[in-house]
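Enquirer: Here you go, this is run-v2.txt (compact mmCIF, C-alpha atoms and all ligand atoms).
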```txt
# COMPACT_ATOMS: atom_id res chain seq x y z
CA MET A 1 10.91 -3.53 12.50
CA THR A 2 7.60 -4.91 11.29
CA ALA A 3 4.38 -3.20 12.41
CA GLY A 4 0.66 -3.94 12.58
CA LEU A 5 -2.37 -1.71 12.32
CA GLU A 6 -5.71 -1.52 14.13
CA ILE A 7 -8.43 0.68 12.73
CA SER A 8 -11.89 1.15 14.22
CA GLY A 9 -14.93 3.35 13.71
CA ILE A 10 -13.48 5.30 10.77
CA SER A 11 -15.96 7.64 9.09
CA LYS A 12 -15.33 10.28 6.46
CA ALA A 13 -17.64 12.45 4.35
CA PHE A 14 -16.79 14.94 1.61
CA ASP A 15 -19.31 17.80 1.32
CA GLY A 16 -21.91 15.72 3.13
CA GLU A 17 -21.36 12.70 0.84
CA ARG A 18 -20.37 9.60 2.78
CA ALA A 19 -17.06 8.07 1.65
CA LEU A 20 -16.54 5.80 4.69
CA GLU A 21 -18.79 4.84 7.57
CA ASP A 22 -17.72 3.08 10.75
CA VAL A 23 -14.99 1.03 9.07
CA ALA A 24 -12.80 -1.36 11.06
CA LEU A 25 -9.69 -3.16 9.81
CA THR A 26 -6.91 -5.10 11.50
CA VAL A 27 -3.57 -5.77 9.83
CA PRO A 28 -1.58 -8.24 11.95
CA ALA A 29 2.20 -7.71 11.90
CA GLY A 30 3.81 -9.93 9.26
CA SER A 31 0.54 -10.54 7.37
CA VAL A 32 -0.63 -9.61 3.91
CA THR A 33 -4.09 -8.17 4.54
CA GLY A 34 -6.46 -7.21 1.75
CA LEU A 35 -8.71 -4.17 1.48
CA MET A 36 -11.02 -4.99 -1.38
CA GLY A 37 -14.04 -3.37 -2.98
CA PRO A 38 -15.36 -2.19 -6.33
CA ASN A 39 -14.58 1.15 -7.92
CA GLY A 40 -15.40 4.07 -5.59
CA SER A 41 -15.96 1.88 -2.52
CA GLY A 42 -13.58 3.91 -0.34
CA LYS A 43 -10.30 1.96 -0.43
CA SER A 44 -8.10 4.92 -1.36
CA VAL A 45 -9.86 7.24 1.10
CA LEU A 46 -9.07 4.76 3.88
CA VAL A 47 -5.45 4.49 2.70
CA ASP A 48 -5.28 8.32 2.60
CA ILE A 49 -6.46 8.39 6.22
CA ILE A 50 -3.88 5.79 7.33
CA THR A 51 -1.03 7.66 5.64
CA GLY A 52 -2.13 11.14 6.77
CA GLN A 53 -3.22 12.59 3.41
CA THR A 54 -6.80 12.87 4.75
CA ARG A 55 -8.09 13.48 8.29
CA PRO A 56 -10.89 11.15 9.43
CA ASP A 57 -14.14 12.67 10.79
CA ALA A 58 -14.21 9.94 13.44
CA GLY A 59 -12.42 6.77 14.48
CA ARG A 60 -9.02 5.49 15.49
CA VAL A 61 -5.95 4.43 13.54
CA GLN A 62 -3.38 2.71 15.72
CA LEU A 63 0.08 1.58 14.69
CA LEU A 64 1.34 -1.44 16.64
CA THR A 65 5.08 -1.89 16.99
CA GLU A 66 6.66 -4.36 19.42
CA GLY A 67 3.90 -4.21 22.01
CA ASP A 68 3.63 -0.44 21.61
CA ARG A 69 0.40 1.17 20.36
CA GLN A 70 0.42 4.65 18.86
CA GLU A 71 -2.54 6.68 17.60
CA ILE A 72 -1.62 8.03 14.17
CA GLY A 73 -5.06 9.18 12.93
CA GLY A 74 -4.85 12.87 11.94
CA LEU A 75 -1.06 13.13 12.22
CA PRO A 76 0.80 14.84 9.34
CA ALA A 77 1.80 12.55 6.45
CA GLU A 78 5.55 13.14 7.02
CA THR A 79 5.23 12.10 10.66
CA ILE A 80 3.41 8.89 9.71
CA ALA A 81 6.00 8.11 7.01
CA GLY A 82 8.71 8.71 9.62
CA LEU A 83 7.05 6.10 11.84
CA GLY A 84 7.63 3.50 9.11
CA VAL A 85 4.40 3.54 7.10
CA ALA A 86 5.22 3.55 3.37
CA ARG A 87 2.68 3.84 0.59
CA CYS A 88 2.66 3.11 -3.13
CA TRP A 89 0.12 4.98 -5.22
CA ALA A 90 -1.98 3.27 -7.90
CA ASP A 91 -0.43 5.65 -10.41
CA VAL A 92 3.26 5.54 -9.50
CA ARG A 93 4.74 9.01 -9.42
CA LEU A 94 8.11 9.08 -11.09
CA LEU A 95 10.14 11.96 -9.77
CA GLY A 96 12.02 12.95 -12.91
CA MET A 97 15.29 11.41 -11.76
CA ALA A 98 18.00 10.50 -14.27
CA SER A 99 17.96 6.73 -13.66
CA VAL A 100 15.79 3.98 -12.22
CA LEU A 101 18.33 3.58 -9.40
CA ASP A 102 17.98 7.26 -8.49
CA GLU A 103 14.18 6.89 -8.38
CA VAL A 104 14.62 4.19 -5.74
CA LEU A 105 17.34 6.07 -3.84
CA VAL A 106 14.82 8.84 -3.16
CA GLY A 107 13.02 6.38 -0.87
CA ALA A 108 16.19 5.85 1.13
CA TYR A 109 16.50 9.59 1.85
CA THR A 110 13.72 9.52 4.44
CA LEU A 111 15.82 6.88 6.21
CA ARG A 112 19.11 8.67 5.72
CA GLN A 113 18.06 12.27 6.27
CA ALA A 114 20.40 12.58 9.21
CA SER A 115 23.34 11.64 7.05
CA ILE A 116 22.66 14.11 4.23
CA LEU A 117 24.27 16.97 6.14
CA GLY A 118 27.21 14.70 6.93
CA SER A 119 27.64 13.79 3.28
CA MET A 120 27.64 17.49 2.37
CA LEU A 121 30.42 17.99 4.90
CA GLY A 122 32.28 15.04 3.39
CA LEU A 123 32.32 12.87 6.50
CA GLY A 124 33.64 9.33 6.02
CA ALA A 125 30.80 7.61 7.88
CA ALA A 126 28.25 9.42 5.73
CA ARG A 127 30.03 8.31 2.56
CA ARG A 128 29.93 4.73 3.84
CA ASP A 129 26.24 5.24 4.57
CA GLN A 130 25.66 6.41 1.01
CA ARG A 131 27.49 3.40 -0.42
CA GLU A 132 25.31 1.14 1.72
CA SER A 133 22.15 2.91 0.54
CA LEU A 134 23.22 2.52 -3.07
CA GLU A 135 23.94 -1.19 -2.61
CA ASN A 136 20.65 -1.68 -0.76
CA CYS A 137 18.70 0.02 -3.57
CA ARG A 138 20.44 -2.15 -6.19
CA GLN A 139 19.40 -5.23 -4.21
CA LEU A 140 15.83 -3.95 -3.98
CA LEU A 141 15.76 -3.49 -7.75
CA ASN A 142 16.97 -7.10 -8.09
CA LEU A 143 14.21 -8.16 -5.72
CA VAL A 144 11.51 -6.52 -7.86
CA GLY A 145 12.98 -8.03 -11.04
CA LEU A 146 14.55 -4.84 -12.38
CA GLY A 147 18.20 -5.54 -11.60
CA ALA A 148 19.09 -5.12 -15.27
CA ARG A 149 17.37 -1.72 -15.50
CA THR A 150 19.18 0.25 -12.76
CA GLN A 151 20.66 2.74 -15.26
CA SER A 152 17.60 2.90 -17.57
CA ARG A 153 15.72 6.14 -17.99
CA PRO A 154 12.64 5.90 -15.75
CA ASP A 155 10.32 7.19 -18.49
CA ALA A 156 11.34 4.22 -20.69
CA LEU A 157 9.72 1.76 -18.26
CA SER A 158 6.40 0.04 -18.85
CA HIS A 159 3.47 0.71 -16.52
CA GLY A 160 4.09 -2.61 -14.73
CA GLU A 161 7.81 -1.89 -14.31
CA ARG A 162 6.96 1.51 -12.84
CA ALA A 163 4.69 -0.18 -10.31
CA ARG A 164 7.66 -2.32 -9.25
CA VAL A 165 9.96 0.73 -9.05
CA GLY A 166 7.36 2.28 -6.74
CA ILE A 167 7.50 -0.78 -4.50
CA ALA A 168 11.32 -0.78 -4.47
CA ARG A 169 11.29 2.95 -3.56
CA ALA A 170 8.84 2.33 -0.71
CA LEU A 171 10.96 -0.58 0.56
CA ALA A 172 14.06 1.62 0.49
CA SER A 173 12.64 3.54 3.46
CA ASP A 174 12.73 0.23 5.40
CA PRO A 175 9.02 0.41 6.34
CA GLY A 176 7.33 -1.52 9.14
CA LEU A 177 4.13 -1.42 7.09
CA LEU A 178 3.90 -1.28 3.30
CA ILE A 179 0.61 -0.10 1.80
CA LEU A 180 -0.05 -0.82 -1.86
CA ASP A 181 -2.99 1.10 -3.31
CA GLY A 182 -4.31 -0.45 -6.52
CA PRO A 183 -1.03 -1.98 -7.75
CA ALA A 184 -2.84 -4.07 -10.41
CA ASN A 185 -4.69 -1.07 -11.92
CA GLY A 186 -4.29 -1.15 -15.68
CA LEU A 187 -1.84 -4.06 -15.66
CA ALA A 188 -1.90 -7.13 -17.91
CA ALA A 189 -2.39 -10.54 -16.26
CA GLU A 190 1.35 -11.40 -16.56
CA GLU A 191 2.36 -8.23 -14.71
CA VAL A 192 -0.25 -8.90 -12.02
CA ALA A 193 1.25 -12.39 -11.62
CA LEU A 194 4.75 -10.86 -11.20
CA LEU A 195 3.43 -8.47 -8.55
CA THR A 196 1.67 -11.33 -6.80
CA ASP A 197 4.94 -13.30 -6.61
CA LEU A 198 6.71 -10.21 -5.33
CA ILE A 199 4.15 -9.64 -2.57
CA LEU A 200 4.36 -13.30 -1.53
CA GLY A 201 8.16 -12.92 -1.39
CA LEU A 202 7.78 -9.85 0.86
CA LYS A 203 5.44 -11.81 3.11
CA ALA A 204 7.99 -14.62 3.39
CA ALA A 205 10.57 -11.98 4.39
CA GLY A 206 8.26 -10.80 7.20
CA VAL A 207 7.13 -7.48 5.66
CA THR A 208 3.62 -6.42 6.71
CA VAL A 209 1.54 -5.49 3.66
CA LEU A 210 -1.86 -3.84 3.34
CA LEU A 211 -3.05 -4.51 -0.20
CA ALA A 212 -5.88 -2.18 -1.30
CA GLU A 213 -7.04 -3.71 -4.54
CA ARG A 214 -10.16 -4.32 -6.67
CA ASN A 215 -8.69 -7.43 -8.33
CA MET A 216 -10.25 -10.48 -6.63
CA LYS A 217 -7.68 -12.93 -8.00
CA MET A 218 -4.76 -10.91 -6.68
CA ILE A 219 -6.44 -10.64 -3.27
CA ALA A 220 -7.15 -14.40 -3.25
CA ASP A 221 -3.57 -15.25 -4.25
CA CYS A 222 -1.82 -12.86 -1.80
CA CYS A 223 -3.93 -12.29 1.29
CA ASP A 224 -4.32 -14.12 4.59
CA SER A 225 -7.49 -12.16 5.27
CA VAL A 226 -9.48 -9.41 3.64
CA VAL A 227 -11.93 -6.65 4.50
CA VAL A 228 -14.41 -5.86 1.74
CA LEU A 229 -15.88 -2.38 1.32
CA ASN A 230 -18.87 -1.30 -0.70
CA ALA A 231 -20.10 2.30 -0.84
CA GLY A 232 -17.93 3.14 2.17
CA ARG A 233 -19.21 0.36 4.40
CA ARG A 234 -17.55 -2.85 5.47
CA ILE A 235 -19.65 -5.67 3.96
CA ALA A 236 -17.44 -8.70 4.71
CA ALA A 237 -14.26 -9.70 6.55
CA GLY A 238 -12.36 -12.98 6.86
CA SER A 239 -10.53 -15.31 4.50
CA PRO A 240 -10.75 -14.33 0.81
CA ALA A 241 -12.65 -17.55 -0.03
CA ASP A 242 -15.24 -17.01 2.73
CA CYS A 243 -15.72 -13.34 1.78
CA PHE A 244 -16.09 -14.06 -1.94
CA ALA A 245 -18.81 -16.60 -1.14
CA THR A 246 -21.04 -14.08 0.66
CA ALA A 247 -24.08 -12.72 -1.14
CA ALA A 248 -23.10 -9.13 -0.24
CA VAL A 249 -19.71 -9.42 -1.98
CA GLN A 250 -21.22 -11.20 -4.99
CA ARG A 251 -23.81 -8.43 -5.28
CA ALA A 252 -21.20 -5.69 -4.96
CA TYR A 253 -19.02 -7.24 -7.66
CA PHE A 254 -21.42 -8.97 -10.02
CA GLY A 255 -24.86 -7.50 -9.32
CA ALA A 256 -28.07 -8.98 -7.97
CA THR A 257 -28.31 -11.81 -10.53
CA ALA A 258 -25.01 -13.41 -9.57
CA ALA A 259 -25.92 -13.18 -5.88
CA GLY A 260 -29.25 -14.85 -6.66
CA ILE A 261 -27.53 -17.69 -8.54
CA ALA A 262 -24.97 -18.14 -5.72
CA ALA A 263 -27.75 -18.37 -3.15
CA CYS A 264 -29.55 -21.19 -5.06
N1 LIG B 301 -10.96 14.42 -2.03
C1 LIG B 301 -12.20 13.98 -2.28
N2 LIG B 301 -13.23 14.85 -2.37
C2 LIG B 301 -14.49 14.42 -2.61
N3 LIG B 301 -14.81 13.13 -2.76
C3 LIG B 301 -13.83 12.23 -2.70
C4 LIG B 301 -12.48 12.60 -2.46
N4 LIG B 301 -11.72 11.47 -2.43
C5 LIG B 301 -12.57 10.44 -2.65
N5 LIG B 301 -13.83 10.89 -2.82
C6 LIG B 301 -15.03 10.05 -3.06
O1 LIG B 301 -15.00 8.97 -2.12
C7 LIG B 301 -15.51 7.78 -2.70
C8 LIG B 301 -14.51 6.66 -2.55
O2 LIG B 301 -13.41 6.90 -3.43
P1 LIG B 301 -12.08 6.04 -3.42
O3 LIG B 301 -11.13 6.75 -4.29
O4 LIG B 301 -11.67 5.78 -2.03
O5 LIG B 301 -12.55 4.68 -4.11
P2 LIG B 301 -11.67 3.38 -4.39
O6 LIG B 301 -12.32 2.27 -3.64
O7 LIG B 301 -10.25 3.66 -4.09
O8 LIG B 301 -11.90 3.15 -5.96
P3 LIG B 301 -10.90 2.58 -7.08
O9 LIG B 301 -11.08 1.08 -7.07
O10 LIG B 301 -11.40 3.19 -8.34
O11 LIG B 301 -9.51 3.00 -6.76
C9 LIG B 301 -15.83 8.12 -4.16
O12 LIG B 301 -17.20 8.40 -4.25
C10 LIG B 301 -14.99 9.34 -4.42
O13 LIG B 301 -15.59 10.16 -5.41
MG MG B 302 -8.53 3.74 -5.24
```
The structure given in the file should be rewritten as structure tokens.
Expert:
Amino acid sequence: MTAGLEISGISKAFDGERALEDVALTVPAGSVTGLMGPNGSGKSVLVDIITGQTRPDAGRVQLLTEGDRQEIGGLPAETIAGLGVARCWADVRLLGMASVLDEVLVGAYTLRQASILGSMLGLGAARRDQRESLENCRQLLNLVGLGARTQSRPDALSHGERARVGIARALASDPGLLILDGPANGLAAEEVALLTDLILGLKAAGVTVLLAERNMKMIADCCDSVVVLNAGRRIAAGSPADCFATAAVQRAYFGATAAGIAAC
């Protein structure tokens, strides 16, 4: 079931240093929404707040599912994950599993927790459940372009392939909202293009995506709308093209000179 998100008035400081101030963001269900900003602008702190890794000092985070609205700000991370919010880290954490398929299966365990006890007891339905999970994870690896690598050792994968394993693992939990934090970090242009195609495919399949990313091209290619942060404040919101054209975004990304040129 796809979900949306409504965030308002989010503020967070660490030891008196402002990381976010009065930030608002709406992610409509079924959209790909961008959260953009230069290095240190607060994207990951906001993602941490949405997924329960960090508690906000103020503000609301509401998850919208089928006309229902639930406040999730400050809830434990496991509770938020259980509500269908999945997150991929910029630096994908491999879990030391024996194969790429196993790395993805881990994502399905949050979905299948109830059946783990059953499978230990050897119940037929649980075994069927496991077979379905396995098949689903194989299909997800196909989807992310790694169908030929299911039995590879995870540590043999390139950085870009790991990013795609992370996405397959997150999808294995059947999330209503998928949050990608810095998926293009450190990737070559060809890998970024593969990820872009993948995200557009997810959008066509109705998955809601929040894409927290510095890379302007990826945001422009993937997102219906974007919120731009700089130094913890929201400096622009709207279509990528409109946001990129504002002096504030030009200044944040390219410095005062570029903004001056753009204004001429
Ligand atoms: N746990 C923390 N303790 C103290 N300061 C933190 C903590 N987490 C983040 N910060 C600070 O908050 C600010 C925003 O950091 P954040 O990681 O959200 O930036 P970002 O936009 O994700 O950058 P990048 O594009 O490099 O990923 C930075 O100044 C950072 O040092
Ligand atoms: Mg970050």
Enquirer: Using all atoms listed in the file, what does the table of chain A residues within 10 Å of ligand LIG 301 (chain B) look like, with each row giving the shortest atom pair and its distance in Å to one decimal, sorted by chain and ascending number, as CSV?
Expert:
```
residue,atom,partner,partner_atom,distance
A:Lys12,CA,B:LIG301,O1,8.7
A:Ala13,CA,B:LIG301,N3,7.7
A:Phe14,CA,B:LIG301,C2,4.8
A:Asp15,CA,B:LIG301,C2,7.1
A:Gly16,CA,B:LIG301,C2,9.5
A:Glu17,CA,B:LIG301,N3,7.5
A:Arg18,CA,B:LIG301,O1,7.3
A:Ala19,CA,B:LIG301,O1,4.4
A:Leu20,CA,B:LIG301,C8,7.6
A:Leu35,CA,B:LIG301,O6,9.0
A:Met36,CA,B:LIG301,O6,7.7
A:Gly37,CA,B:LIG301,O6,5.9
A:Pro38,CA,B:LIG301,O9,5.4
A:Asn39,CA,B:LIG301,O9,3.6
A:Gly40,CA,B:LIG301,O5,3.3
A:Ser41,CA,B:LIG301,O6,3.8
A:Gly42,CA,B:LIG301,O4,3.2
A:Lys43,CA,B:LIG301,O6,3.8
A:Ser44,CA,B:LIG301,O7,3.7
A:Val45,CA,B:LIG301,O4,3.9
A:Leu46,CA,B:LIG301,O4,6.5
A:Val47,CA,B:LIG301,O4,7.9
A:Asp48,CA,B:LIG301,O4,8.3
A:Gln53,CA,B:LIG301,N1,9.6
A:Thr54,CA,B:LIG301,N1,8.1
A:Trp89,CA,B:LIG301,O11,10.0
A:Ala90,CA,B:LIG301,O11,7.6
A:Asp181,CA,B:LIG301,O11,7.6
A:Gly182,CA,B:LIG301,O11,6.2
A:Pro183,CA,B:LIG301,O11,9.9
A:Asn185,CA,B:LIG301,O11,8.2
A:Ala212,CA,B:LIG301,O7,7.8
A:Glu213,CA,B:LIG301,O9,6.8
A:Arg214,CA,B:LIG301,O9,5.5
A:Asn215,CA,B:LIG301,O9,8.9
A:Val228,CA,B:LIG301,O6,10.0
A:Leu229,CA,B:LIG301,O6,7.7
A:Asn230,CA,B:LIG301,O6,8.0
A:Ala231,CA,B:LIG301,C8,7.3
A:Gly232,CA,B:LIG301,C8,6.8
```
Enquirer: If I take CA of Ala188 (chain A) and CA of Leu200 (chain A), how far is one from the other in Å, to one decimal?
Expert: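 Taking CA of Ala188 (chain A) as the start and CA of Leu200 (chain A) as the end point, the length is 18.6 Å.
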Enquirer: With only C-alpha atoms counted, which protein, DNA or RNA residues have an atom no more than 12 Å from (-5.1, -16.4, -2.4) in the file frame? Please answer as a PDB file with C-alpha atoms, keeping the file's coordinate frame.
Expert:
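After the write, result.pdb holds the following:
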```
ATOM      1  CA  VAL A  32      -0.630  -9.610   3.910  1.00  0.00           C
ATOM      2  CA  THR A  33      -4.090  -8.170   4.540  1.00  0.00           C
ATOM      3  CA  GLY A  34      -6.460  -7.210   1.750  1.00  0.00           C
ATOM      4  CA  ALA A 193       1.250 -12.390 -11.620  1.00  0.00           C
ATOM      5  CA  THR A 196       1.670 -11.330  -6.800  1.00  0.00           C
ATOM      6  CA  ASP A 197       4.940 -13.300  -6.610  1.00  0.00           C
ATOM      7  CA  ILE A 199       4.150  -9.640  -2.570  1.00  0.00           C
ATOM      8  CA  LEU A 200       4.360 -13.300  -1.530  1.00  0.00           C
ATOM      9  CA  ASN A 215      -8.690  -7.430  -8.330  1.00  0.00           C
ATOM     10  CA  MET A 216     -10.250 -10.480  -6.630  1.00  0.00           C
ATOM     11  CA  LYS A 217      -7.680 -12.930  -8.000  1.00  0.00           C
ATOM     12  CA  MET A 218      -4.760 -10.910  -6.680  1.00  0.00           C
ATOM     13  CA  ILE A 219      -6.440 -10.640  -3.270  1.00  0.00           C
ATOM     14  CA  ALA A 220      -7.150 -14.400  -3.250  1.00  0.00           C
ATOM     15  CA  ASP A 221      -3.570 -15.250  -4.250  1.00  0.00           C
ATOM     16  CA  CYS A 222      -1.820 -12.860  -1.800  1.00  0.00           C
ATOM     17  CA  CYS A 223      -3.930 -12.290   1.290  1.00  0.00           C
ATOM     18  CA  ASP A 224      -4.320 -14.120   4.590  1.00  0.00           C
ATOM     19  CA  SER A 225      -7.490 -12.160   5.270  1.00  0.00           C
ATOM     20  CA  VAL A 226      -9.480  -9.410   3.640  1.00  0.00           C
ATOM     21  CA  SER A 239     -10.530 -15.310   4.500  1.00  0.00           C
ATOM     22  CA  PRO A 240     -10.750 -14.330   0.810  1.00  0.00           C
ATOM     23  CA  ALA A 241     -12.650 -17.550  -0.030  1.00  0.00           C
ATOM     24  CA  ASP A 242     -15.240 -17.010   2.730  1.00  0.00           C
ATOM     25  CA  CYS A 243     -15.720 -13.340   1.780  1.00  0.00           C
ATOM     26  CA  PHE A 244     -16.090 -14.060  -1.940  1.00  0.00           C
TER      27      PHE A 244
END
```
Enquirer: Figure out the distance between CA of Gly166 (chain A) and CA of Val104 (chain A), please, to one decimal in Å.
Expert: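 CA of Gly166 (chain A) lies 7.6 Å from CA of Val104 (chain A).
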Enquirer: Give me the residues within 8 Å of Arg153 (chain A) as a PyMOL selection string, counting only C-alpha atoms and dropping any in the same chain fewer than 4 places off.
Expert: chain A and resi 98-100+157
Enquirer: Pick the closest to Leu211 (chain A) from A:Cys88, A:Leu94, A:Ala245, A:Ala29: which is it, counting only C-alpha atoms?
Expert: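 The answer is A:Cys88, which sits nearest to Leu211 (chain A).
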Enquirer: What is the CA of Leu210 (chain A)-CA of Leu180 (chain A) distance in Å, reported with one decimal?
Expert: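 Distance reported for this atom pair: 6.3 Å.
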